[in-house]
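Okay, query-v3.cif now, which holds mmCIF, C-alpha atoms:
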```
data_upload
#
loop_
_atom_site.label_atom_id
_atom_site.label_comp_id
_atom_site.auth_asym_id
_atom_site.auth_seq_id
_atom_site.Cartn_x
_atom_site.Cartn_y
_atom_site.Cartn_z
CA MET X 170 56.23 -194.09 -97.10
CA ARG X 171 55.85 -195.19 -100.72
CA PHE X 172 52.75 -197.22 -99.84
CA ILE X 173 51.23 -194.25 -98.00
CA THR X 174 52.05 -191.88 -100.89
CA THR X 175 50.54 -194.27 -103.42
CA ASN X 176 47.36 -194.51 -101.34
CA LYS X 177 47.14 -190.73 -101.09
CA VAL X 178 47.52 -190.37 -104.87
CA SER X 179 44.86 -193.02 -105.41
CA MET X 180 42.51 -191.27 -102.98
CA ASN X 181 43.16 -187.92 -104.67
CA LYS X 182 42.33 -189.43 -108.05
CA ARG X 183 39.09 -190.87 -106.66
CA ALA X 184 38.20 -187.53 -105.10
CA CYS X 185 38.87 -185.79 -108.42
CA LEU X 186 36.74 -188.32 -110.26
CA ILE X 187 33.88 -187.98 -107.77
CA LEU X 188 34.11 -184.17 -107.95
CA GLY X 189 34.20 -184.35 -111.74
CA PHE X 190 31.10 -186.54 -111.84
CA CYS X 191 29.33 -184.19 -109.43
CA LEU X 192 30.20 -181.14 -111.57
CA TRP X 193 29.17 -182.97 -114.73
CA GLY X 194 25.89 -183.97 -113.13
CA SER X 195 25.30 -180.41 -111.92
CA ILE X 196 25.94 -179.04 -115.42
CA LEU X 197 23.53 -181.55 -116.96
CA PHE X 198 20.92 -180.77 -114.30
CA ALA X 199 21.33 -177.05 -114.88
CA GLN X 200 20.93 -177.58 -118.62
CA LYS X 201 17.77 -179.59 -118.04
CA GLN X 202 16.46 -176.91 -115.73
CA LYS X 203 16.72 -174.38 -118.59
CA VAL X 204 14.61 -176.52 -120.94
CA LYS X 205 11.01 -175.86 -119.92
CA ASN X 206 7.97 -177.00 -121.84
CA GLN X 207 5.35 -174.28 -122.36
CA PRO X 208 7.28 -171.71 -120.28
CA TYR X 209 4.55 -169.06 -120.66
CA GLY X 210 1.54 -171.38 -120.67
CA ASP X 211 0.55 -170.45 -117.11
CA TYR X 212 0.22 -166.76 -117.97
CA LYS X 213 -2.70 -167.05 -120.39
CA LEU X 214 -5.69 -165.05 -119.20
CA TYR X 215 -7.92 -168.09 -119.65
CA HIS X 216 -7.73 -171.58 -121.09
CA PHE X 217 -9.86 -174.72 -121.35
CA GLY X 218 -9.45 -178.46 -120.94
CA ILE X 219 -11.11 -181.76 -120.15
CA THR X 220 -11.07 -184.02 -117.11
CA VAL X 221 -11.70 -187.78 -116.89
CA GLY X 222 -11.44 -190.20 -113.98
CA MET X 223 -13.29 -192.20 -111.38
CA ASN X 224 -15.29 -191.46 -108.25
CA PHE X 225 -16.30 -193.18 -105.01
CA GLN X 226 -19.64 -192.09 -103.56
CA ASP X 227 -20.48 -192.28 -99.86
CA MET X 228 -22.87 -190.78 -97.31
CA LEU X 229 -22.58 -189.74 -93.69
CA LEU X 230 -25.69 -191.30 -92.11
CA THR X 231 -27.45 -190.43 -88.86
CA ASN X 232 -29.65 -193.30 -87.66
CA SER X 233 -32.94 -192.43 -85.94
CA GLY X 234 -33.44 -195.57 -83.85
CA PHE X 235 -36.99 -195.77 -85.20
CA THR X 236 -38.97 -198.85 -84.10
CA ASP X 237 -41.76 -200.00 -86.43
CA ASP X 238 -45.10 -201.65 -85.59
CA ASN X 239 -43.41 -205.07 -85.50
CA GLY X 240 -40.93 -203.95 -82.85
CA GLU X 241 -38.02 -203.94 -85.32
CA THR X 242 -35.26 -201.34 -85.12
CA TRP X 243 -33.08 -200.97 -88.22
CA TYR X 244 -29.68 -199.33 -88.57
CA ALA X 245 -28.23 -198.22 -91.90
CA THR X 246 -24.66 -198.17 -93.15
CA ILE X 247 -22.71 -198.11 -96.42
CA PRO X 248 -20.16 -200.90 -95.89
CA ASN X 249 -18.26 -200.65 -99.18
CA TYR X 250 -17.83 -198.43 -102.22
CA SER X 251 -18.11 -199.08 -105.93
CA PRO X 252 -16.05 -197.01 -108.36
CA GLY X 253 -17.95 -194.76 -110.73
CA PHE X 254 -16.98 -192.71 -113.80
CA THR X 255 -16.41 -188.94 -113.99
CA VAL X 256 -16.01 -186.77 -117.10
CA GLY X 257 -16.10 -183.00 -117.43
CA LEU X 258 -14.77 -179.72 -118.80
CA ILE X 259 -12.31 -177.19 -117.39
CA ALA X 260 -12.49 -173.41 -117.66
CA ASP X 261 -9.50 -171.70 -116.00
CA LEU X 262 -9.08 -167.96 -115.32
CA TYR X 263 -5.63 -166.55 -114.49
CA LEU X 264 -5.59 -164.33 -111.38
CA ASN X 265 -1.89 -164.02 -110.54
CA PRO X 266 1.27 -166.17 -110.87
CA TYR X 267 0.15 -168.41 -107.98
CA MET X 268 -3.67 -168.40 -108.18
CA ASN X 269 -6.29 -169.40 -110.73
CA LEU X 270 -10.07 -169.52 -110.58
CA ARG X 271 -11.48 -172.74 -112.03
CA PHE X 272 -14.95 -173.81 -113.10
CA THR X 273 -15.17 -177.56 -113.81
CA PRO X 274 -18.69 -178.73 -114.74
CA SER X 275 -18.78 -182.53 -114.78
CA LEU X 276 -20.92 -185.66 -114.76
CA SER X 277 -20.22 -188.26 -112.07
CA PHE X 278 -21.92 -191.64 -112.50
CA GLY X 279 -22.00 -194.04 -109.56
CA ASP X 280 -24.04 -195.74 -106.89
CA LYS X 281 -24.25 -196.14 -103.13
CA ALA X 282 -24.84 -199.60 -101.62
CA PHE X 283 -26.88 -199.28 -98.40
CA GLU X 284 -27.15 -202.12 -95.91
CA PHE X 285 -29.74 -202.19 -93.11
CA VAL X 286 -29.27 -204.41 -90.06
CA GLU X 287 -32.05 -205.24 -87.59
CA GLN X 288 -30.91 -204.68 -84.01
CA GLU X 289 -32.16 -207.94 -82.44
CA SER X 290 -32.37 -210.56 -85.18
CA ASP X 291 -29.36 -209.32 -87.23
CA GLU X 292 -31.55 -209.61 -90.33
CA ARG X 293 -30.11 -207.66 -93.25
CA PHE X 294 -31.57 -205.74 -96.15
CA LYS X 295 -29.58 -204.23 -99.03
CA ALA X 296 -30.58 -201.35 -101.27
CA SER X 297 -28.56 -199.74 -104.06
CA VAL X 298 -29.15 -196.09 -104.95
CA ARG X 299 -27.96 -194.86 -108.34
CA SER X 300 -26.73 -191.25 -108.47
CA ASN X 301 -25.71 -189.42 -111.62
CA TYR X 302 -24.52 -186.02 -110.45
CA LEU X 303 -24.32 -183.00 -112.72
CA MET X 304 -21.77 -181.04 -110.69
CA ALA X 305 -20.71 -177.40 -110.95
CA PRO X 306 -17.64 -176.77 -108.74
CA LEU X 307 -15.98 -173.35 -108.50
CA ASP X 308 -12.48 -173.61 -107.02
CA LEU X 309 -9.50 -171.46 -106.22
CA LYS X 310 -6.34 -173.19 -107.45
CA ILE X 311 -3.25 -172.24 -105.42
CA ARG X 312 0.03 -173.29 -107.05
CA SER X 313 3.60 -173.59 -105.80
CA MET X 314 6.61 -172.30 -107.71
CA ARG X 315 7.25 -174.22 -110.92
CA LEU X 316 10.03 -176.81 -110.63
CA ASN X 317 11.30 -177.54 -114.12
CA ASN X 318 8.32 -179.29 -115.76
CA TYR X 319 6.03 -179.93 -112.80
CA ARG X 320 4.10 -177.77 -110.36
CA PRO X 321 2.11 -179.01 -107.31
CA TYR X 322 -1.10 -177.26 -106.30
CA VAL X 323 -4.04 -177.33 -103.88
CA LEU X 324 -7.73 -176.58 -104.47
CA ALA X 325 -10.50 -175.17 -102.30
CA GLY X 326 -14.00 -174.14 -103.26
CA ALA X 327 -17.70 -174.97 -103.33
CA TYR X 328 -20.05 -176.91 -105.58
CA ALA X 329 -23.70 -177.36 -106.45
CA ALA X 330 -24.98 -180.66 -107.87
CA LEU X 331 -28.14 -181.98 -109.46
CA ASP X 332 -28.82 -185.72 -109.16
CA LEU X 333 -30.12 -186.93 -112.53
CA GLY X 334 -30.48 -190.54 -111.31
CA VAL X 335 -33.38 -190.02 -108.87
CA LYS X 336 -35.86 -192.89 -109.19
CA LYS X 337 -39.11 -192.89 -107.25
CA GLY X 338 -40.57 -196.10 -105.82
CA ASP X 339 -37.25 -197.46 -104.56
CA PRO X 340 -36.79 -198.14 -100.81
CA LEU X 341 -34.57 -195.04 -100.53
CA LEU X 342 -35.02 -191.77 -102.35
CA LEU X 343 -32.52 -188.90 -102.42
CA LYS X 344 -33.34 -185.26 -102.96
CA PRO X 345 -32.15 -184.05 -106.38
CA MET X 346 -30.31 -180.92 -105.16
CA ASN X 347 -27.03 -181.10 -103.30
CA TYR X 348 -24.36 -178.56 -102.40
CA GLY X 349 -21.15 -178.50 -100.39
CA ILE X 350 -17.45 -177.66 -100.25
CA THR X 351 -14.45 -179.18 -102.02
CA ILE X 352 -10.77 -179.50 -101.22
CA GLY X 353 -8.14 -181.21 -103.32
CA LEU X 354 -4.57 -181.44 -104.47
CA GLY X 355 -2.72 -182.32 -107.63
CA CYS X 356 0.35 -181.67 -109.74
CA ASP X 357 0.69 -180.12 -113.20
CA PHE X 358 3.11 -181.91 -115.54
CA TYR X 359 4.17 -179.86 -118.56
CA PHE X 360 4.68 -181.56 -121.91
CA PRO X 361 5.58 -179.87 -125.23
CA ILE X 362 1.98 -179.45 -126.42
CA ILE X 363 -0.20 -180.33 -123.41
CA LYS X 364 -0.34 -180.10 -119.63
CA VAL X 365 -1.51 -183.17 -117.68
CA ALA X 366 -2.44 -183.13 -114.00
CA PRO X 367 -3.39 -186.08 -111.79
CA GLU X 368 -5.76 -184.75 -109.14
CA ILE X 369 -7.68 -185.97 -106.11
CA ARG X 370 -10.71 -184.03 -104.89
CA PHE X 371 -12.81 -184.48 -101.75
CA CYS X 372 -16.44 -183.29 -101.84
CA PHE X 373 -18.28 -182.74 -98.56
CA GLY X 374 -22.03 -182.17 -98.79
CA LEU X 375 -23.67 -179.72 -96.42
CA ASN X 376 -27.39 -180.42 -96.82
CA ASP X 377 -29.55 -183.40 -95.89
CA VAL X 378 -30.38 -185.29 -99.10
CA MET X 379 -32.56 -188.06 -97.61
CA GLU X 380 -36.18 -187.73 -98.72
CA LYS X 381 -38.51 -188.29 -95.75
CA ASN X 382 -41.91 -187.70 -97.38
CA ARG X 383 -42.33 -191.02 -99.21
CA THR X 384 -45.81 -190.79 -100.69
CA ASP X 385 -44.37 -192.47 -103.78
CA LEU X 386 -43.96 -195.86 -102.02
CA THR X 387 -46.52 -198.43 -103.19
CA ASP X 388 -45.17 -201.08 -100.80
CA LEU X 389 -45.67 -199.52 -97.35
CA SER X 390 -43.58 -202.25 -95.70
CA LEU X 391 -40.50 -200.50 -97.17
CA ALA X 392 -41.19 -197.28 -95.23
CA LYS X 393 -39.24 -198.62 -92.22
CA TYR X 394 -35.96 -198.19 -94.14
CA PRO X 395 -36.13 -194.43 -94.88
CA ASN X 396 -37.63 -193.96 -91.38
CA ALA X 397 -34.47 -195.53 -89.94
CA ILE X 398 -32.38 -192.59 -91.18
CA THR X 399 -32.68 -189.14 -89.66
CA LYS X 400 -30.15 -187.46 -91.91
CA GLY X 401 -27.95 -188.33 -94.86
CA VAL X 402 -25.13 -186.07 -96.09
CA SER X 403 -23.23 -186.87 -99.28
CA ARG X 404 -19.51 -187.52 -99.53
CA MET X 405 -17.45 -188.19 -102.63
CA VAL X 406 -13.82 -188.79 -103.56
CA ILE X 407 -12.89 -188.07 -107.18
CA PHE X 408 -9.64 -189.16 -108.87
CA THR X 409 -9.10 -187.47 -112.25
CA PHE X 410 -6.58 -186.68 -114.94
CA ASN X 411 -6.85 -183.14 -116.26
CA PHE X 412 -5.76 -182.36 -119.84
CA GLU X 413 -5.23 -178.67 -120.53
#
```
Represent the structure contained in this file as structure tokens.
Amino acid sequence: MRFITTNKVSMNKRACLILGFCLWGSILFAQKQKVKNQPYGDYKLYHFGITVGMNFQDMLLTNSGFTDDNGETWYATIPNYSPGFTVGLIADLYLNPYMNLRFTPSLSFGDKAFEFVEQESDERFKASVRSNYLMAPLDLKIRSMRLNNYRPYVLAGAYAALDLGVKKGDPLLLKPMNYGITIGLGCDFYFPIIKVAPEIRFCFGLNDVMEKNRTDLTDLSLAKYPNAITKGVSRMVIFTFNFE
């Protein structure tokens, strides 16, 4: 009986200690929950910021199956992606506690590495196209409830872009104007004097940006490469850090 009683006392002490630690932890957590950085920062009618990060440019290609005078049929692909650089500004308009309207003009520098493969001989030809996009996205930012000092959100909107890197005479030429839709997600982290948000954004072009009328080509033997593509639609993934 004494052994059993001793064990019960020991178990009761452990239970009290565990309960005490749980209560202590809950009190500390509750205290931390009360300490919020910039508690009214989200209720400003408008605010500004900057965004910096990297991008990966891609295209959705539709091959034509065109056969040239030599009987060659070429197929195009973009086998890999090179990271580019993105920098821009943020203008944010408060709509309600869970929605903001955002305008984020930015410059995205990068390139797309095309590879053409001949159907029969497996001969390959590579062409790199430089694109420097001046982008103007307008997004609706939908935020969750704030949890202490962080707040997840999603984005949805549309963009227009002007390609400042168009260079005539290259094997491939892209049209300068581009437009499409954007979706994204991120999370606001609140610090005492600044808000930082890692964000990923997906841009889906809607128009064909492949230039078919290639009167600028001085080497006519290169015409088989743009002729191999019926349609090219831009795609881009952008990773950024927003400072607001």
Requested in this report: Report as a VMD selection string the full result of the PyMOL selection byres ((chain X and resi 286-297) around 8) when it is applied to this structure.
Outcome: chain X and resid 241 to 245 280 to 285 298 to 299 340 to 341
Report task. Between X:Leu276, X:Met268, X:Asp332, X:Leu386, single out the one closest to Leu309 in chain X, counting only C-alpha atoms. Result -> X:Met268
Report task. Provide the CA of Met405 in chain X to CA of Cys356 in chain X distance in Å, to one decimal place. Result ->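 Going from CA of Met405 in chain X over to CA of Cys356 in chain X, I get 20.2 Å.
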Report task. Would you work out the distance separating CA of Glu413 in chain X from CA of Cys372 in chain X, expressed in Å to one decimal? Result ->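 Those two atoms sit 22.3 Å apart.
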Report task. For Thr409 in chain X, please output as a PyMOL selection string all residues within 12 Å (counting all atoms listed in the file; exclusion window: fewer than 3 positions along the same chain). Result -> chain X and resi 219-225+253-259+273+275+277+353-356+365-371+406+412
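Around the coordinate (0.3, -166.7, -117.1), residues that reach within 10 Å when counting all atoms listed in the file are Pro208, Tyr209, Gly210, Asp211, Tyr212, Lys213, Leu214, Tyr215, Leu262, Tyr263, Leu264, Asn265, Pro266, Tyr267, Met268 and Asn269 of chain X.
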Report task. List the residues selected by the PyMOL selection byres ((chain X and resi 373) around 7) in the file shown, writing them as a PyMOL selection string. Result -> chain X and resi 349-351+371-372+374-375+403-405
Completion step: range 270-281 of chain X with all heavy atoms as a PDB file, in the frame of the given file:
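The file below, result_39.pdb, is the result:
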```pdb
ATOM      1  N   LEU X 270      -8.680-169.201-110.900  1.00  0.00           N
ATOM      2  CA  LEU X 270     -10.070-169.520-110.580  1.00  0.00           C
ATOM      3  C   LEU X 270     -10.559-170.524-111.612  1.00  0.00           C
ATOM      4  O   LEU X 270     -10.416-170.311-112.823  1.00  0.00           O
ATOM      5  CB  LEU X 270     -10.934-168.255-110.632  1.00  0.00           C
ATOM      6  CG  LEU X 270     -12.373-168.386-110.115  1.00  0.00           C
ATOM      7  CD1 LEU X 270     -12.373-168.703-108.618  1.00  0.00           C
ATOM      8  CD2 LEU X 270     -13.151-167.101-110.387  1.00  0.00           C
ATOM      9  N   ARG X 271     -11.125-171.649-111.123  1.00  0.00           N
ATOM     10  CA  ARG X 271     -11.480-172.740-112.030  1.00  0.00           C
ATOM     11  C   ARG X 271     -12.951-173.125-111.881  1.00  0.00           C
ATOM     12  O   ARG X 271     -13.460-173.278-110.769  1.00  0.00           O
ATOM     13  CB  ARG X 271     -10.611-173.974-111.737  1.00  0.00           C
ATOM     14  CG  ARG X 271      -9.161-173.761-112.096  1.00  0.00           C
ATOM     15  CD  ARG X 271      -8.278-174.842-111.518  1.00  0.00           C
ATOM     16  NE  ARG X 271      -8.452-176.118-112.165  1.00  0.00           N
ATOM     17  CZ  ARG X 271      -7.842-176.468-113.294  1.00  0.00           C
ATOM     18  NH1 ARG X 271      -7.047-175.617-113.904  1.00  0.00           N
ATOM     19  NH2 ARG X 271      -8.015-177.659-113.803  1.00  0.00           N
ATOM     20  N   PHE X 272     -13.585-173.301-113.034  1.00  0.00           N
ATOM     21  CA  PHE X 272     -14.950-173.810-113.100  1.00  0.00           C
ATOM     22  C   PHE X 272     -14.895-175.119-113.865  1.00  0.00           C
ATOM     23  O   PHE X 272     -14.448-175.164-115.011  1.00  0.00           O
ATOM     24  CB  PHE X 272     -15.858-172.792-113.796  1.00  0.00           C
ATOM     25  CG  PHE X 272     -17.283-173.260-113.941  1.00  0.00           C
ATOM     26  CD1 PHE X 272     -18.034-173.590-112.818  1.00  0.00           C
ATOM     27  CD2 PHE X 272     -17.873-173.362-115.199  1.00  0.00           C
ATOM     28  CE1 PHE X 272     -19.359-174.015-112.957  1.00  0.00           C
ATOM     29  CE2 PHE X 272     -19.180-173.777-115.334  1.00  0.00           C
ATOM     30  CZ  PHE X 272     -19.924-174.102-114.212  1.00  0.00           C
ATOM     31  N   THR X 273     -15.326-176.229-113.209  1.00  0.00           N
ATOM     32  CA  THR X 273     -15.170-177.560-113.810  1.00  0.00           C
ATOM     33  C   THR X 273     -16.494-178.326-113.797  1.00  0.00           C
ATOM     34  O   THR X 273     -16.686-179.238-112.984  1.00  0.00           O
ATOM     35  CB  THR X 273     -14.096-178.372-113.068  1.00  0.00           C
ATOM     36  OG1 THR X 273     -14.404-178.377-111.662  1.00  0.00           O
ATOM     37  CG2 THR X 273     -12.717-177.774-113.273  1.00  0.00           C
ATOM     38  N   PRO X 274     -17.441-177.971-114.661  1.00  0.00           N
ATOM     39  CA  PRO X 274     -18.690-178.730-114.740  1.00  0.00           C
ATOM     40  C   PRO X 274     -18.422-180.164-115.166  1.00  0.00           C
ATOM     41  O   PRO X 274     -17.631-180.410-116.081  1.00  0.00           O
ATOM     42  CB  PRO X 274     -19.512-177.964-115.778  1.00  0.00           C
ATOM     43  CG  PRO X 274     -18.492-177.262-116.614  1.00  0.00           C
ATOM     44  CD  PRO X 274     -17.365-176.924-115.687  1.00  0.00           C
ATOM     45  N   SER X 275     -19.076-181.126-114.502  1.00  0.00           N
ATOM     46  CA  SER X 275     -18.780-182.530-114.780  1.00  0.00           C
ATOM     47  C   SER X 275     -19.991-183.404-114.503  1.00  0.00           C
ATOM     48  O   SER X 275     -20.933-182.995-113.820  1.00  0.00           O
ATOM     49  CB  SER X 275     -17.593-183.010-113.943  1.00  0.00           C
ATOM     50  OG  SER X 275     -17.899-182.921-112.564  1.00  0.00           O
ATOM     51  N   LEU X 276     -19.940-184.610-115.034  1.00  0.00           N
ATOM     52  CA  LEU X 276     -20.920-185.660-114.760  1.00  0.00           C
ATOM     53  C   LEU X 276     -20.216-186.777-114.011  1.00  0.00           C
ATOM     54  O   LEU X 276     -19.177-187.271-114.461  1.00  0.00           O
ATOM     55  CB  LEU X 276     -21.533-186.187-116.046  1.00  0.00           C
ATOM     56  CG  LEU X 276     -22.708-185.409-116.640  1.00  0.00           C
ATOM     57  CD1 LEU X 276     -23.029-185.935-118.047  1.00  0.00           C
ATOM     58  CD2 LEU X 276     -23.939-185.516-115.749  1.00  0.00           C
ATOM     59  N   SER X 277     -20.785-187.163-112.864  1.00  0.00           N
ATOM     60  CA  SER X 277     -20.220-188.260-112.070  1.00  0.00           C
ATOM     61  C   SER X 277     -21.278-189.356-111.936  1.00  0.00           C
ATOM     62  O   SER X 277     -22.319-189.151-111.300  1.00  0.00           O
ATOM     63  CB  SER X 277     -19.786-187.776-110.689  1.00  0.00           C
ATOM     64  OG  SER X 277     -18.651-186.938-110.788  1.00  0.00           O
ATOM     65  N   PHE X 278     -21.007-190.512-112.546  1.00  0.00           N
ATOM     66  CA  PHE X 278     -21.920-191.640-112.500  1.00  0.00           C
ATOM     67  C   PHE X 278     -21.450-192.621-111.426  1.00  0.00           C
ATOM     68  O   PHE X 278     -20.268-192.954-111.362  1.00  0.00           O
ATOM     69  CB  PHE X 278     -21.960-192.357-113.855  1.00  0.00           C
ATOM     70  CG  PHE X 278     -22.267-191.452-115.021  1.00  0.00           C
ATOM     71  CD1 PHE X 278     -21.249-190.850-115.743  1.00  0.00           C
ATOM     72  CD2 PHE X 278     -23.581-191.205-115.388  1.00  0.00           C
ATOM     73  CE1 PHE X 278     -21.523-190.020-116.817  1.00  0.00           C
ATOM     74  CE2 PHE X 278     -23.867-190.373-116.459  1.00  0.00           C
ATOM     75  CZ  PHE X 278     -22.842-189.775-117.176  1.00  0.00           C
ATOM     76  N   GLY X 279     -22.380-193.097-110.597  1.00  0.00           N
ATOM     77  CA  GLY X 279     -22.000-194.040-109.560  1.00  0.00           C
ATOM     78  C   GLY X 279     -23.204-194.486-108.759  1.00  0.00           C
ATOM     79  O   GLY X 279     -24.350-194.131-109.069  1.00  0.00           O
ATOM     80  N   ASP X 280     -22.952-195.294-107.752  1.00  0.00           N
ATOM     81  CA  ASP X 280     -24.040-195.740-106.890  1.00  0.00           C
ATOM     82  C   ASP X 280     -23.551-195.906-105.454  1.00  0.00           C
ATOM     83  O   ASP X 280     -22.353-195.995-105.195  1.00  0.00           O
ATOM     84  CB  ASP X 280     -24.662-197.052-107.405  1.00  0.00           C
ATOM     85  CG  ASP X 280     -23.642-198.175-107.495  1.00  0.00           C
ATOM     86  OD1 ASP X 280     -23.297-198.749-106.429  1.00  0.00           O
ATOM     87  OD2 ASP X 280     -23.186-198.476-108.593  1.00  0.00           O
ATOM     88  N   LYS X 281     -24.523-195.953-104.554  1.00  0.00           N
ATOM     89  CA  LYS X 281     -24.250-196.140-103.130  1.00  0.00           C
ATOM     90  C   LYS X 281     -24.991-197.385-102.656  1.00  0.00           C
ATOM     91  O   LYS X 281     -26.207-197.499-102.855  1.00  0.00           O
ATOM     92  CB  LYS X 281     -24.700-194.906-102.342  1.00  0.00           C
ATOM     93  CG  LYS X 281     -23.885-193.667-102.657  1.00  0.00           C
ATOM     94  CD  LYS X 281     -24.410-192.436-101.961  1.00  0.00           C
ATOM     95  CE  LYS X 281     -25.566-191.820-102.735  1.00  0.00           C
ATOM     96  NZ  LYS X 281     -25.133-191.195-103.992  1.00  0.00           N
TER      97      LYS X 281
END
```
